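Structure, as structure tokens:
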Amino acid sequence: MRSIRPRLALLGAALLATAPLTLAVPATAAAETTAAAPTIEEQRLGKAAPQEILRRSGFDDVAPDFARALAGTHSAAEAERVIAREGGHLWKRAVDRVQGRGPAGGDLSRDDDRPLYWARLGMTRALGQWQPGFPLSDARRAVLLDTLERTSRGQDSLDLPTGKHIKRIVVTGFDPFQLDADVRRSNPSGAAALALDGTTIRTDSGPARVETAVFPVRWADFADGTVERTLLPAFRSGPRRVDAFMTVSQGRVGRFDVERTNGAWRGGYPDNANISRTETVPIPAGVPTPHPQPQWTTTTLPYDKIVASNTGPVPVYDHTEVTEIPAGGTTPVVRPDGPTPGSTARAGGGGDYLSNEIAYRATLLRDAVGLKAPGGHLHTPVLQFGTGNTDPATGQVTDPDFVHNREAITAQVRSILTVVAATTR
């Protein structure tokens, strides 16, 4: 995931030791709440392209059905059960569609990640506008929204198996982004996550079960701990502990990159809510983390084996470049071979956006809990529309080249993951 910048910078204590991170509900919260105005992301839902994507996938029934289910609830507890159920159903429905189970629901290519994104926004908008017949504080509504986000992204359903004869792998993807420039955009990392969820990869060293989740392109969610809350149960010691993990996002044109180094810096590029953040990556309270916070973390993916393997038609690189402020300096410097001792991060190999940040957070958590497993970040090629379909004002929501490119990226992600799985113990 990358931002559009001259340097091609990429859309770069005991709490969690015992329980998942949760949203706190203030005791002084108001007794009731009013309907919320649509968010920036939800406002894009009314455009023609998102509506066509929903209609041509059959996902245009998701938000209306969800609104009716909400209207039939009689308490906040019942509403939370309904939201968890419907969010989980949306995730499963998206996975099933991509993996070829059940009806396609329309003529949109099955491999498409966009129906999940736009249907979820229809649900969050319905939740924001819902007027229950019982008291519901703003804080409790926020908890309900969090439940919807987590369940509809697969973040609460990483169902890793037990046993010594199967390997356990977690893969993450992202929502589409930069939608103000082209609302038709898809994210191949999200498509790959849907295609891989719950599948088994066969290797010469044994089978590997893959579980996946998708993350929002929003600074605030990351600061609130969505990455750590999702990954920590799989990173902790125990019979379901991961043997490998790979965070994935969209990166550069015409290449895959295994990002060697991740930096503790947010570069400020606007997210899907059109919010910017320029600061050191904030670590939420209660998360296991090294002290002091390191400026850099490093991949433990077998980058040498990945680069040397024939994983597909697109070249794969061991990407080592970072941007740092050298020790004692004040000016950022590009380092092609990684950071120098004592330097301050300004961009990891994956840039200074949320691609870099998810890699930094995941590998930092890996180190904090003592997880000795291959893990790190993979950037996919940019997913491009076909010739003659590049103008968002006049272009179609899909075309044969667009579908072929996304399917090819997903296939190569799977091949790269097979190399990773084959090298795990």
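Quick note on naming: the chains in the structure tokens go A, B, ... in the order shown, residues restart at 1 in each chain, and ligands are numbered from 1 in order of appearance.
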Exercise for review: List the neighbours of Leu45 of chain A out to 7 Å using only C-alpha atoms; skip same-chain residues closer than 4 positions along the sequence, and give me the result as a PyMOL selection string.
Suggested key: chain A and resi 50-51+118
Selected residues written out, all heavy atoms, as a PDB file, in the first residue's frame:
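Output file part-v5.pdb follows:
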```pdb
ATOM      1  N   PRO A  50     -19.720   2.007  -6.520  1.00  0.00           N
ATOM      2  CA  PRO A  50     -19.997   1.097  -5.406  1.00  0.00           C
ATOM      3  C   PRO A  50     -21.368   0.427  -5.506  1.00  0.00           C
ATOM      4  O   PRO A  50     -21.503  -0.763  -5.196  1.00  0.00           O
ATOM      5  CB  PRO A  50     -19.912   2.003  -4.180  1.00  0.00           C
ATOM      6  CG  PRO A  50     -19.009   3.112  -4.594  1.00  0.00           C
ATOM      7  CD  PRO A  50     -19.312   3.339  -6.032  1.00  0.00           C
ATOM      8  N   GLN A  51     -22.373   1.171  -5.945  1.00  0.00           N
ATOM      9  CA  GLN A  51     -23.700   0.584  -6.078  1.00  0.00           C
ATOM     10  C   GLN A  51     -23.720  -0.497  -7.154  1.00  0.00           C
ATOM     11  O   GLN A  51     -24.370  -1.538  -7.000  1.00  0.00           O
ATOM     12  CB  GLN A  51     -24.717   1.675  -6.388  1.00  0.00           C
ATOM     13  CG  GLN A  51     -24.966   2.633  -5.235  1.00  0.00           C
ATOM     14  CD  GLN A  51     -25.447   1.920  -3.983  1.00  0.00           C
ATOM     15  OE1 GLN A  51     -26.407   1.149  -4.023  1.00  0.00           O
ATOM     16  NE2 GLN A  51     -24.773   2.168  -2.861  1.00  0.00           N
ATOM     17  N   TRP A 118     -17.716  -2.606   0.406  1.00  0.00           N
ATOM     18  CA  TRP A 118     -18.861  -1.712   0.273  1.00  0.00           C
ATOM     19  C   TRP A 118     -20.077  -2.210   1.054  1.00  0.00           C
ATOM     20  O   TRP A 118     -20.840  -1.402   1.610  1.00  0.00           O
ATOM     21  CB  TRP A 118     -19.199  -1.524  -1.201  1.00  0.00           C
ATOM     22  CG  TRP A 118     -18.116  -0.778  -1.932  1.00  0.00           C
ATOM     23  CD1 TRP A 118     -17.275  -1.261  -2.896  1.00  0.00           C
ATOM     24  CD2 TRP A 118     -17.726   0.593  -1.728  1.00  0.00           C
ATOM     25  NE1 TRP A 118     -16.403  -0.287  -3.312  1.00  0.00           N
ATOM     26  CE2 TRP A 118     -16.646   0.860  -2.616  1.00  0.00           C
ATOM     27  CE3 TRP A 118     -18.178   1.610  -0.893  1.00  0.00           C
ATOM     28  CZ2 TRP A 118     -16.032   2.115  -2.684  1.00  0.00           C
ATOM     29  CZ3 TRP A 118     -17.571   2.859  -0.953  1.00  0.00           C
ATOM     30  CH2 TRP A 118     -16.511   3.097  -1.834  1.00  0.00           C
TER      31      TRP A 118
END
```
Exercise for review: Name all residues at most 8 Å from Ile40 of chain A (count only C-alpha atoms; drop same-chain ones fewer than 3 positions away) and give them as a PyMOL selection string.
Suggested key: chain A and resi 43-44+272-274
Determine, counting only C-alpha atoms, which protein, DNA and RNA residues have an atom within 7 Å of an atom of Asp243 of chain A; residues of the same chain fewer than 4 positions away are not included. Present the result as a PDB file with C-alpha atoms, in the first residue's frame.
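And here is the file that came out, selection.pdb:
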```pdb
ATOM      1  CA  LYS A 167       1.522 -25.810  10.388  1.00  0.00           C
ATOM      2  CA  ARG A 168      -0.412 -22.682  11.292  1.00  0.00           C
ATOM      3  CA  ILE A 169      -0.122 -19.495   9.216  1.00  0.00           C
ATOM      4  CA  ALA A 373       8.655 -17.836  13.584  1.00  0.00           C
ATOM      5  CA  THR A 424       8.805 -23.467   8.892  1.00  0.00           C
TER       6      THR A 424
END
```
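Taking the backbone of this structure through DSSP, the residues of segment 337-413 of chain A that come out as alpha helix (DSSP H) are Leu354, Ser355, Asn356, Glu357, Ile358, Ala359, Tyr360, Arg361, Ala362, Thr363, Leu364, Leu365, Arg366, Asp367, Ala368, Pro400, Asp401, Phe402, Val403, His404, Asn405, Arg406, Glu407, Ala408, Ile409, Thr410, Ala411, Gln412 and Val413 of chain A.
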Now that the selection is made, can you save its residues with N, CA, C and O atoms as an mmCIF file, in the first residue's frame?
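result-v7.cif, written as the output of this step:
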```
data_model
loop_
_atom_site.group_PDB
_atom_site.id
_atom_site.type_symbol
_atom_site.label_atom_id
_atom_site.label_comp_id
_atom_site.auth_asym_id
_atom_site.auth_seq_id
_atom_site.Cartn_x
_atom_site.Cartn_y
_atom_site.Cartn_z
ATOM 1 N N LEU A 354 0.323 2.824 6.222
ATOM 2 C CA LEU A 354 -0.193 1.725 7.030
ATOM 3 C C LEU A 354 0.368 0.363 6.625
ATOM 4 O O LEU A 354 0.319 -0.583 7.418
ATOM 5 N N SER A 355 0.921 0.230 5.431
ATOM 6 C CA SER A 355 1.638 -1.000 5.070
ATOM 7 C C SER A 355 2.836 -1.196 5.990
ATOM 8 O O SER A 355 3.043 -2.278 6.553
ATOM 9 N N ASN A 356 3.639 -0.157 6.096
ATOM 10 C CA ASN A 356 4.774 -0.214 7.006
ATOM 11 C C ASN A 356 4.303 -0.404 8.438
ATOM 12 O O ASN A 356 4.901 -1.173 9.207
ATOM 13 N N GLU A 357 3.213 0.269 8.804
ATOM 14 C CA GLU A 357 2.785 0.220 10.199
ATOM 15 C C GLU A 357 2.291 -1.156 10.617
ATOM 16 O O GLU A 357 2.582 -1.619 11.721
ATOM 17 N N ILE A 358 1.556 -1.845 9.746
ATOM 18 C CA ILE A 358 1.098 -3.180 10.141
ATOM 19 C C ILE A 358 2.278 -4.131 10.250
ATOM 20 O O ILE A 358 2.320 -4.986 11.149
ATOM 21 N N ALA A 359 3.279 -3.955 9.367
ATOM 22 C CA ALA A 359 4.480 -4.779 9.457
ATOM 23 C C ALA A 359 5.246 -4.482 10.746
ATOM 24 O O ALA A 359 5.725 -5.399 11.430
ATOM 25 N N TYR A 360 5.370 -3.197 11.077
ATOM 26 C CA TYR A 360 6.066 -2.811 12.306
ATOM 27 C C TYR A 360 5.343 -3.374 13.527
ATOM 28 O O TYR A 360 5.967 -3.972 14.422
ATOM 29 N N ARG A 361 4.028 -3.184 13.581
ATOM 30 C CA ARG A 361 3.272 -3.650 14.741
ATOM 31 C C ARG A 361 3.331 -5.170 14.880
ATOM 32 O O ARG A 361 3.494 -5.702 15.996
ATOM 33 N N ALA A 362 3.185 -5.892 13.791
ATOM 34 C CA ALA A 362 3.178 -7.356 13.862
ATOM 35 C C ALA A 362 4.537 -7.891 14.286
ATOM 36 O O ALA A 362 4.625 -8.804 15.127
ATOM 37 N N THR A 363 5.610 -7.352 13.727
ATOM 38 C CA THR A 363 6.941 -7.842 14.090
ATOM 39 C C THR A 363 7.371 -7.373 15.479
ATOM 40 O O THR A 363 8.094 -8.081 16.183
ATOM 41 N N LEU A 364 6.904 -6.201 15.886
ATOM 42 C CA LEU A 364 7.171 -5.745 17.252
ATOM 43 C C LEU A 364 6.483 -6.658 18.258
ATOM 44 O O LEU A 364 7.068 -7.038 19.285
ATOM 45 N N LEU A 365 5.243 -7.038 17.969
ATOM 46 C CA LEU A 365 4.512 -7.959 18.846
ATOM 47 C C LEU A 365 5.191 -9.326 18.851
ATOM 48 O O LEU A 365 5.291 -9.966 19.910
ATOM 49 N N ARG A 366 5.637 -9.773 17.689
ATOM 50 C CA ARG A 366 6.401 -11.031 17.599
ATOM 51 C C ARG A 366 7.569 -11.032 18.572
ATOM 52 O O ARG A 366 7.776 -11.983 19.326
ATOM 53 N N ASP A 367 8.333 -9.939 18.557
ATOM 54 C CA ASP A 367 9.511 -9.851 19.418
ATOM 55 C C ASP A 367 9.133 -9.745 20.891
ATOM 56 O O ASP A 367 9.803 -10.317 21.763
ATOM 57 N N ALA A 368 8.047 -9.034 21.173
ATOM 58 C CA ALA A 368 7.643 -8.821 22.566
ATOM 59 C C ALA A 368 7.227 -10.117 23.250
ATOM 60 O O ALA A 368 7.470 -10.291 24.449
ATOM 61 N N PRO A 400 -11.547 -7.442 -18.362
ATOM 62 C CA PRO A 400 -10.817 -8.719 -18.348
ATOM 63 C C PRO A 400 -9.390 -8.611 -17.832
ATOM 64 O O PRO A 400 -8.920 -9.495 -17.099
ATOM 65 N N ASP A 401 -8.664 -7.557 -18.200
ATOM 66 C CA ASP A 401 -7.291 -7.404 -17.717
ATOM 67 C C ASP A 401 -7.258 -7.189 -16.208
ATOM 68 O O ASP A 401 -6.388 -7.722 -15.510
ATOM 69 N N PHE A 402 -8.186 -6.398 -15.707
ATOM 70 C CA PHE A 402 -8.291 -6.121 -14.278
ATOM 71 C C PHE A 402 -8.489 -7.420 -13.500
ATOM 72 O O PHE A 402 -7.797 -7.678 -12.503
ATOM 73 N N VAL A 403 -9.399 -8.258 -13.973
ATOM 74 C CA VAL A 403 -9.660 -9.541 -13.314
ATOM 75 C C VAL A 403 -8.436 -10.449 -13.411
ATOM 76 O O VAL A 403 -8.010 -11.061 -12.417
ATOM 77 N N HIS A 404 -7.860 -10.539 -14.606
ATOM 78 C CA HIS A 404 -6.685 -11.390 -14.793
ATOM 79 C C HIS A 404 -5.540 -10.953 -13.880
ATOM 80 O O HIS A 404 -4.871 -11.790 -13.261
ATOM 81 N N ASN A 405 -5.300 -9.655 -13.793
ATOM 82 C CA ASN A 405 -4.213 -9.146 -12.961
ATOM 83 C C ASN A 405 -4.421 -9.483 -11.487
ATOM 84 O O ASN A 405 -3.486 -9.883 -10.785
ATOM 85 N N ARG A 406 -5.654 -9.328 -11.019
ATOM 86 C CA ARG A 406 -5.925 -9.623 -9.608
ATOM 87 C C ARG A 406 -5.783 -11.113 -9.335
ATOM 88 O O ARG A 406 -5.206 -11.522 -8.314
ATOM 89 N N GLU A 407 -6.297 -11.947 -10.228
ATOM 90 C CA GLU A 407 -6.171 -13.400 -10.039
ATOM 91 C C GLU A 407 -4.704 -13.829 -10.064
ATOM 92 O O GLU A 407 -4.288 -14.704 -9.285
ATOM 93 N N ALA A 408 -3.917 -13.209 -10.941
ATOM 94 C CA ALA A 408 -2.499 -13.565 -11.030
ATOM 95 C C ALA A 408 -1.746 -13.154 -9.768
ATOM 96 O O ALA A 408 -0.868 -13.886 -9.288
ATOM 97 N N ILE A 409 -2.074 -11.989 -9.220
ATOM 98 C CA ILE A 409 -1.435 -11.555 -7.977
ATOM 99 C C ILE A 409 -1.778 -12.515 -6.844
ATOM 100 O O ILE A 409 -0.901 -12.939 -6.070
ATOM 101 N N THR A 410 -3.051 -12.883 -6.725
ATOM 102 C CA THR A 410 -3.456 -13.823 -5.681
ATOM 103 C C THR A 410 -2.726 -15.149 -5.826
ATOM 104 O O THR A 410 -2.258 -15.729 -4.829
ATOM 105 N N ALA A 411 -2.607 -15.647 -7.048
ATOM 106 C CA ALA A 411 -1.921 -16.924 -7.275
ATOM 107 C C ALA A 411 -0.454 -16.841 -6.848
ATOM 108 O O ALA A 411 0.088 -17.786 -6.254
ATOM 109 N N GLN A 412 0.187 -15.702 -7.116
ATOM 110 C CA GLN A 412 1.589 -15.594 -6.742
ATOM 111 C C GLN A 412 1.760 -15.384 -5.238
ATOM 112 O O GLN A 412 2.739 -15.861 -4.661
ATOM 113 N N VAL A 413 0.818 -14.696 -4.602
ATOM 114 C CA VAL A 413 0.855 -14.610 -3.137
ATOM 115 C C VAL A 413 0.789 -16.012 -2.541
ATOM 116 O O VAL A 413 1.538 -16.343 -1.609
#
```
Check your understanding: Contacts of Gln295 of chain A at 12 Å or less, counting only C-alpha atoms, minus same-chain residues fewer than 4 places along, as a ChimeraX atom specification?
Key -> /A:261-266,280-282,290-291,322-327,339-348,357,360-361,364
Please produce an output containing N, CA and C atoms for each residue in the selection, written as a PDB file, in the first residue's frame.
```pdb
ATOM      1  N   THR A 261      12.974  -4.217   6.429  1.00  0.00           N
ATOM      2  CA  THR A 261      12.990  -3.441   7.675  1.00  0.00           C
ATOM      3  C   THR A 261      11.746  -2.567   7.774  1.00  0.00           C
ATOM      4  N   ASN A 262      11.189  -2.465   8.978  1.00  0.00           N
ATOM      5  CA  ASN A 262       9.992  -1.658   9.232  1.00  0.00           C
ATOM      6  C   ASN A 262      10.327  -0.533  10.211  1.00  0.00           C
ATOM      7  N   GLY A 263       9.765   0.656   9.961  1.00  0.00           N
ATOM      8  CA  GLY A 263      10.099   1.817  10.771  1.00  0.00           C
ATOM      9  C   GLY A 263       8.967   2.302  11.649  1.00  0.00           C
ATOM     10  N   ALA A 264       9.323   2.915  12.774  1.00  0.00           N
ATOM     11  CA  ALA A 264       8.343   3.400  13.761  1.00  0.00           C
ATOM     12  C   ALA A 264       7.902   4.823  13.437  1.00  0.00           C
ATOM     13  N   TRP A 265       7.441   5.055  12.215  1.00  0.00           N
ATOM     14  CA  TRP A 265       7.088   6.419  11.835  1.00  0.00           C
ATOM     15  C   TRP A 265       5.864   6.433  10.930  1.00  0.00           C
ATOM     16  N   ARG A 266       4.928   7.370  11.239  1.00  0.00           N
ATOM     17  CA  ARG A 266       3.758   7.632  10.412  1.00  0.00           C
ATOM     18  C   ARG A 266       4.027   8.897   9.598  1.00  0.00           C
ATOM     19  N   THR A 280       5.465   9.322  15.694  1.00  0.00           N
ATOM     20  CA  THR A 280       5.960   7.984  15.988  1.00  0.00           C
ATOM     21  C   THR A 280       4.773   7.033  16.122  1.00  0.00           C
ATOM     22  N   VAL A 281       4.905   5.833  15.604  1.00  0.00           N
ATOM     23  CA  VAL A 281       3.825   4.847  15.690  1.00  0.00           C
ATOM     24  C   VAL A 281       3.421   4.668  17.152  1.00  0.00           C
ATOM     25  N   PRO A 282       2.158   4.956  17.507  1.00  0.00           N
ATOM     26  CA  PRO A 282       1.732   4.836  18.906  1.00  0.00           C
ATOM     27  C   PRO A 282       1.360   3.399  19.262  1.00  0.00           C
ATOM     28  N   PRO A 290       8.329  -4.128  23.596  1.00  0.00           N
ATOM     29  CA  PRO A 290       9.657  -3.830  24.149  1.00  0.00           C
ATOM     30  C   PRO A 290       9.753  -2.387  24.633  1.00  0.00           C
ATOM     31  N   HIS A 291      10.591  -2.155  25.636  1.00  0.00           N
ATOM     32  CA  HIS A 291      10.861  -0.812  26.146  1.00  0.00           C
ATOM     33  C   HIS A 291      12.371  -0.604  26.198  1.00  0.00           C
ATOM     34  N   VAL A 322      15.525   2.093   3.315  1.00  0.00           N
ATOM     35  CA  VAL A 322      14.788   2.813   4.359  1.00  0.00           C
ATOM     36  C   VAL A 322      15.156   4.292   4.265  1.00  0.00           C
ATOM     37  N   THR A 323      14.394   5.107   4.983  1.00  0.00           N
ATOM     38  CA  THR A 323      14.759   6.515   5.172  1.00  0.00           C
ATOM     39  C   THR A 323      14.922   6.753   6.657  1.00  0.00           C
ATOM     40  N   GLU A 324      16.046   7.353   7.031  1.00  0.00           N
ATOM     41  CA  GLU A 324      16.360   7.552   8.444  1.00  0.00           C
ATOM     42  C   GLU A 324      16.909   8.952   8.685  1.00  0.00           C
ATOM     43  N   ILE A 325      16.856   9.368   9.948  1.00  0.00           N
ATOM     44  CA  ILE A 325      17.647  10.505  10.405  1.00  0.00           C
ATOM     45  C   ILE A 325      18.833   9.899  11.149  1.00  0.00           C
ATOM     46  N   PRO A 326      20.039  10.029  10.621  1.00  0.00           N
ATOM     47  CA  PRO A 326      21.188   9.382  11.267  1.00  0.00           C
ATOM     48  C   PRO A 326      21.400   9.881  12.692  1.00  0.00           C
ATOM     49  N   ALA A 327      22.012   9.048  13.494  1.00  0.00           N
ATOM     50  CA  ALA A 327      22.325   9.435  14.879  1.00  0.00           C
ATOM     51  C   ALA A 327      23.080  10.757  14.882  1.00  0.00           C
ATOM     52  N   PRO A 339      18.909   0.581   7.870  1.00  0.00           N
ATOM     53  CA  PRO A 339      19.248   1.665   8.800  1.00  0.00           C
ATOM     54  C   PRO A 339      20.642   1.517   9.393  1.00  0.00           C
ATOM     55  N   THR A 340      21.181   2.644   9.837  1.00  0.00           N
ATOM     56  CA  THR A 340      22.464   2.655  10.532  1.00  0.00           C
ATOM     57  C   THR A 340      22.224   2.706  12.043  1.00  0.00           C
ATOM     58  N   PRO A 341      23.212   2.312  12.852  1.00  0.00           N
ATOM     59  CA  PRO A 341      23.012   2.260  14.312  1.00  0.00           C
ATOM     60  C   PRO A 341      22.613   3.616  14.895  1.00  0.00           C
ATOM     61  N   GLY A 342      21.594   3.576  15.772  1.00  0.00           N
ATOM     62  CA  GLY A 342      21.172   4.767  16.486  1.00  0.00           C
ATOM     63  C   GLY A 342      20.327   5.733  15.684  1.00  0.00           C
ATOM     64  N   SER A 343      19.919   5.370  14.496  1.00  0.00           N
ATOM     65  CA  SER A 343      19.150   6.287  13.657  1.00  0.00           C
ATOM     66  C   SER A 343      17.678   6.312  14.054  1.00  0.00           C
ATOM     67  N   THR A 344      16.980   7.354  13.596  1.00  0.00           N
ATOM     68  CA  THR A 344      15.554   7.537  13.835  1.00  0.00           C
ATOM     69  C   THR A 344      14.797   7.257  12.543  1.00  0.00           C
ATOM     70  N   ALA A 345      13.736   6.471  12.628  1.00  0.00           N
ATOM     71  CA  ALA A 345      12.998   6.060  11.436  1.00  0.00           C
ATOM     72  C   ALA A 345      12.194   7.209  10.839  1.00  0.00           C
ATOM     73  N   ARG A 346      12.208   7.271   9.510  1.00  0.00           N
ATOM     74  CA  ARG A 346      11.314   8.151   8.768  1.00  0.00           C
ATOM     75  C   ARG A 346      10.570   7.404   7.664  1.00  0.00           C
ATOM     76  N   ALA A 347      11.043   6.229   7.292  1.00  0.00           N
ATOM     77  CA  ALA A 347      10.292   5.330   6.403  1.00  0.00           C
ATOM     78  C   ALA A 347      10.958   3.969   6.435  1.00  0.00           C
ATOM     79  N   GLY A 348      10.165   2.926   6.602  1.00  0.00           N
ATOM     80  CA  GLY A 348      10.682   1.582   6.486  1.00  0.00           C
ATOM     81  C   GLY A 348      10.755   1.181   5.027  1.00  0.00           C
ATOM     82  N   GLU A 357       3.213   0.269   8.804  1.00  0.00           N
ATOM     83  CA  GLU A 357       2.785   0.220  10.199  1.00  0.00           C
ATOM     84  C   GLU A 357       2.291  -1.156  10.617  1.00  0.00           C
ATOM     85  N   TYR A 360       5.370  -3.197  11.077  1.00  0.00           N
ATOM     86  CA  TYR A 360       6.066  -2.811  12.306  1.00  0.00           C
ATOM     87  C   TYR A 360       5.343  -3.374  13.527  1.00  0.00           C
ATOM     88  N   ARG A 361       4.028  -3.184  13.581  1.00  0.00           N
ATOM     89  CA  ARG A 361       3.272  -3.650  14.741  1.00  0.00           C
ATOM     90  C   ARG A 361       3.331  -5.170  14.880  1.00  0.00           C
ATOM     91  N   LEU A 364       6.904  -6.201  15.886  1.00  0.00           N
ATOM     92  CA  LEU A 364       7.171  -5.745  17.252  1.00  0.00           C
ATOM     93  C   LEU A 364       6.483  -6.658  18.258  1.00  0.00           C
TER      94      LEU A 364
END
```
Practice item. List the neighbours of Ala84 of chain A out to 9 Å using only C-alpha atoms; skip same-chain residues closer than 4 positions along the sequence, and give me the result as number ranges by chain. Key: A: 79-80, 88-89, 144, 147-148, 150-152
Check your understanding: Within 12 Å of segment 392-394 of chain A, counting only C-alpha atoms, which residues qualify if same-chain residues fewer than 3 places away don't, as a ChimeraX atom specification?
Key -> /A:47-49,179-185,384-385,388-389,397-398
With N, CA and C atoms retained, write the just-selected residues as a PDB file, in the first residue's frame.
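File produced: result36.pdb:
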```pdb
ATOM      1  N   LYS A  47     -22.022   6.647  -4.514  1.00  0.00           N
ATOM      2  CA  LYS A  47     -21.566   6.818  -5.891  1.00  0.00           C
ATOM      3  C   LYS A  47     -21.993   5.638  -6.757  1.00  0.00           C
ATOM      4  N   ALA A  48     -21.982   5.851  -8.053  1.00  0.00           N
ATOM      5  CA  ALA A  48     -22.502   4.835  -8.976  1.00  0.00           C
ATOM      6  C   ALA A  48     -21.688   3.550  -8.939  1.00  0.00           C
ATOM      7  N   ALA A  49     -20.352   3.645  -8.900  1.00  0.00           N
ATOM      8  CA  ALA A  49     -19.516   2.451  -8.963  1.00  0.00           C
ATOM      9  C   ALA A  49     -19.740   1.517  -7.773  1.00  0.00           C
ATOM     10  N   LEU A 179      -9.608   6.126  -2.665  1.00  0.00           N
ATOM     11  CA  LEU A 179     -10.866   6.037  -3.389  1.00  0.00           C
ATOM     12  C   LEU A 179     -11.386   7.374  -3.881  1.00  0.00           C
ATOM     13  N   ASP A 180     -10.885   8.468  -3.351  1.00  0.00           N
ATOM     14  CA  ASP A 180     -11.283   9.759  -3.894  1.00  0.00           C
ATOM     15  C   ASP A 180     -10.691   9.967  -5.284  1.00  0.00           C
ATOM     16  N   ALA A 181      -9.549   9.336  -5.540  1.00  0.00           N
ATOM     17  CA  ALA A 181      -8.950   9.412  -6.872  1.00  0.00           C
ATOM     18  C   ALA A 181      -9.651   8.477  -7.847  1.00  0.00           C
ATOM     19  N   ASP A 182     -10.080   7.297  -7.357  1.00  0.00           N
ATOM     20  CA  ASP A 182     -10.786   6.335  -8.209  1.00  0.00           C
ATOM     21  C   ASP A 182     -11.572   5.404  -7.294  1.00  0.00           C
ATOM     22  N   VAL A 183     -12.865   5.629  -7.216  1.00  0.00           N
ATOM     23  CA  VAL A 183     -13.722   4.871  -6.295  1.00  0.00           C
ATOM     24  C   VAL A 183     -13.880   3.416  -6.730  1.00  0.00           C
ATOM     25  N   ARG A 184     -13.429   3.078  -7.922  1.00  0.00           N
ATOM     26  CA  ARG A 184     -13.544   1.705  -8.420  1.00  0.00           C
ATOM     27  C   ARG A 184     -12.473   0.785  -7.860  1.00  0.00           C
ATOM     28  N   ARG A 185     -11.498   1.321  -7.173  1.00  0.00           N
ATOM     29  CA  ARG A 185     -10.304   0.549  -6.832  1.00  0.00           C
ATOM     30  C   ARG A 185     -10.590  -0.680  -5.974  1.00  0.00           C
ATOM     31  N   GLN A 384      -3.952  -2.924 -11.678  1.00  0.00           N
ATOM     32  CA  GLN A 384      -4.271  -1.919 -12.684  1.00  0.00           C
ATOM     33  C   GLN A 384      -5.436  -2.357 -13.568  1.00  0.00           C
ATOM     34  N   PHE A 385      -6.244  -1.384 -13.990  1.00  0.00           N
ATOM     35  CA  PHE A 385      -7.284  -1.635 -14.973  1.00  0.00           C
ATOM     36  C   PHE A 385      -6.649  -1.808 -16.350  1.00  0.00           C
ATOM     37  N   GLY A 388      -7.552   1.452 -21.885  1.00  0.00           N
ATOM     38  CA  GLY A 388      -8.846   1.984 -22.286  1.00  0.00           C
ATOM     39  C   GLY A 388      -9.847   2.067 -21.159  1.00  0.00           C
ATOM     40  N   ASN A 389      -9.466   1.610 -19.961  1.00  0.00           N
ATOM     41  CA  ASN A 389     -10.383   1.639 -18.816  1.00  0.00           C
ATOM     42  C   ASN A 389      -9.711   2.301 -17.614  1.00  0.00           C
ATOM     43  N   VAL A 397     -16.368  -0.641 -13.943  1.00  0.00           N
ATOM     44  CA  VAL A 397     -15.915  -1.114 -12.631  1.00  0.00           C
ATOM     45  C   VAL A 397     -15.010  -2.332 -12.745  1.00  0.00           C
ATOM     46  N   THR A 398     -14.988  -2.973 -13.914  1.00  0.00           N
ATOM     47  CA  THR A 398     -14.132  -4.134 -14.107  1.00  0.00           C
ATOM     48  C   THR A 398     -13.856  -4.300 -15.585  1.00  0.00           C
TER      49      THR A 398
END
```
Review point. Can you tell me, as a list of chain:residue names, what residues are no more than 9 Å from Ser276 of chain A when counting only C-alpha atoms, ignoring any on the same chain fewer than 5 positions away?
Key: A:Trp219, A:Arg266, A:Gly267, A:Gly268, A:Tyr269, A:Pro270, A:Asp271
**Study point:** Coordinates-based distance that separates atom CA of Asp96 of chain A from atom CA of Ala195 of chain A (Å, one decimal)
**Key:** 8.7 Å
Check your understanding: atom CA of Thr300 of chain A to atom CA of Ala244 of chain A: how many Å, to one decimal?
Key ->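 Distance reported for this atom pair: 9.2 Å.
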Check your understanding: Pick from A:Val258, A:Val419, A:Ala220, A:Met123: nearest to Ala208 of chain A, with only C-alpha atoms counted?
Key ->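 The shortest atom-to-atom distance to Ala208 of chain A comes from A:Val419.
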Point to revise | Option closest in space to Ser157 of chain A, from A:Thr311, A:Thr212, A:Thr380, A:Gln178 [counting only C-alpha atoms] | key: A:Thr212
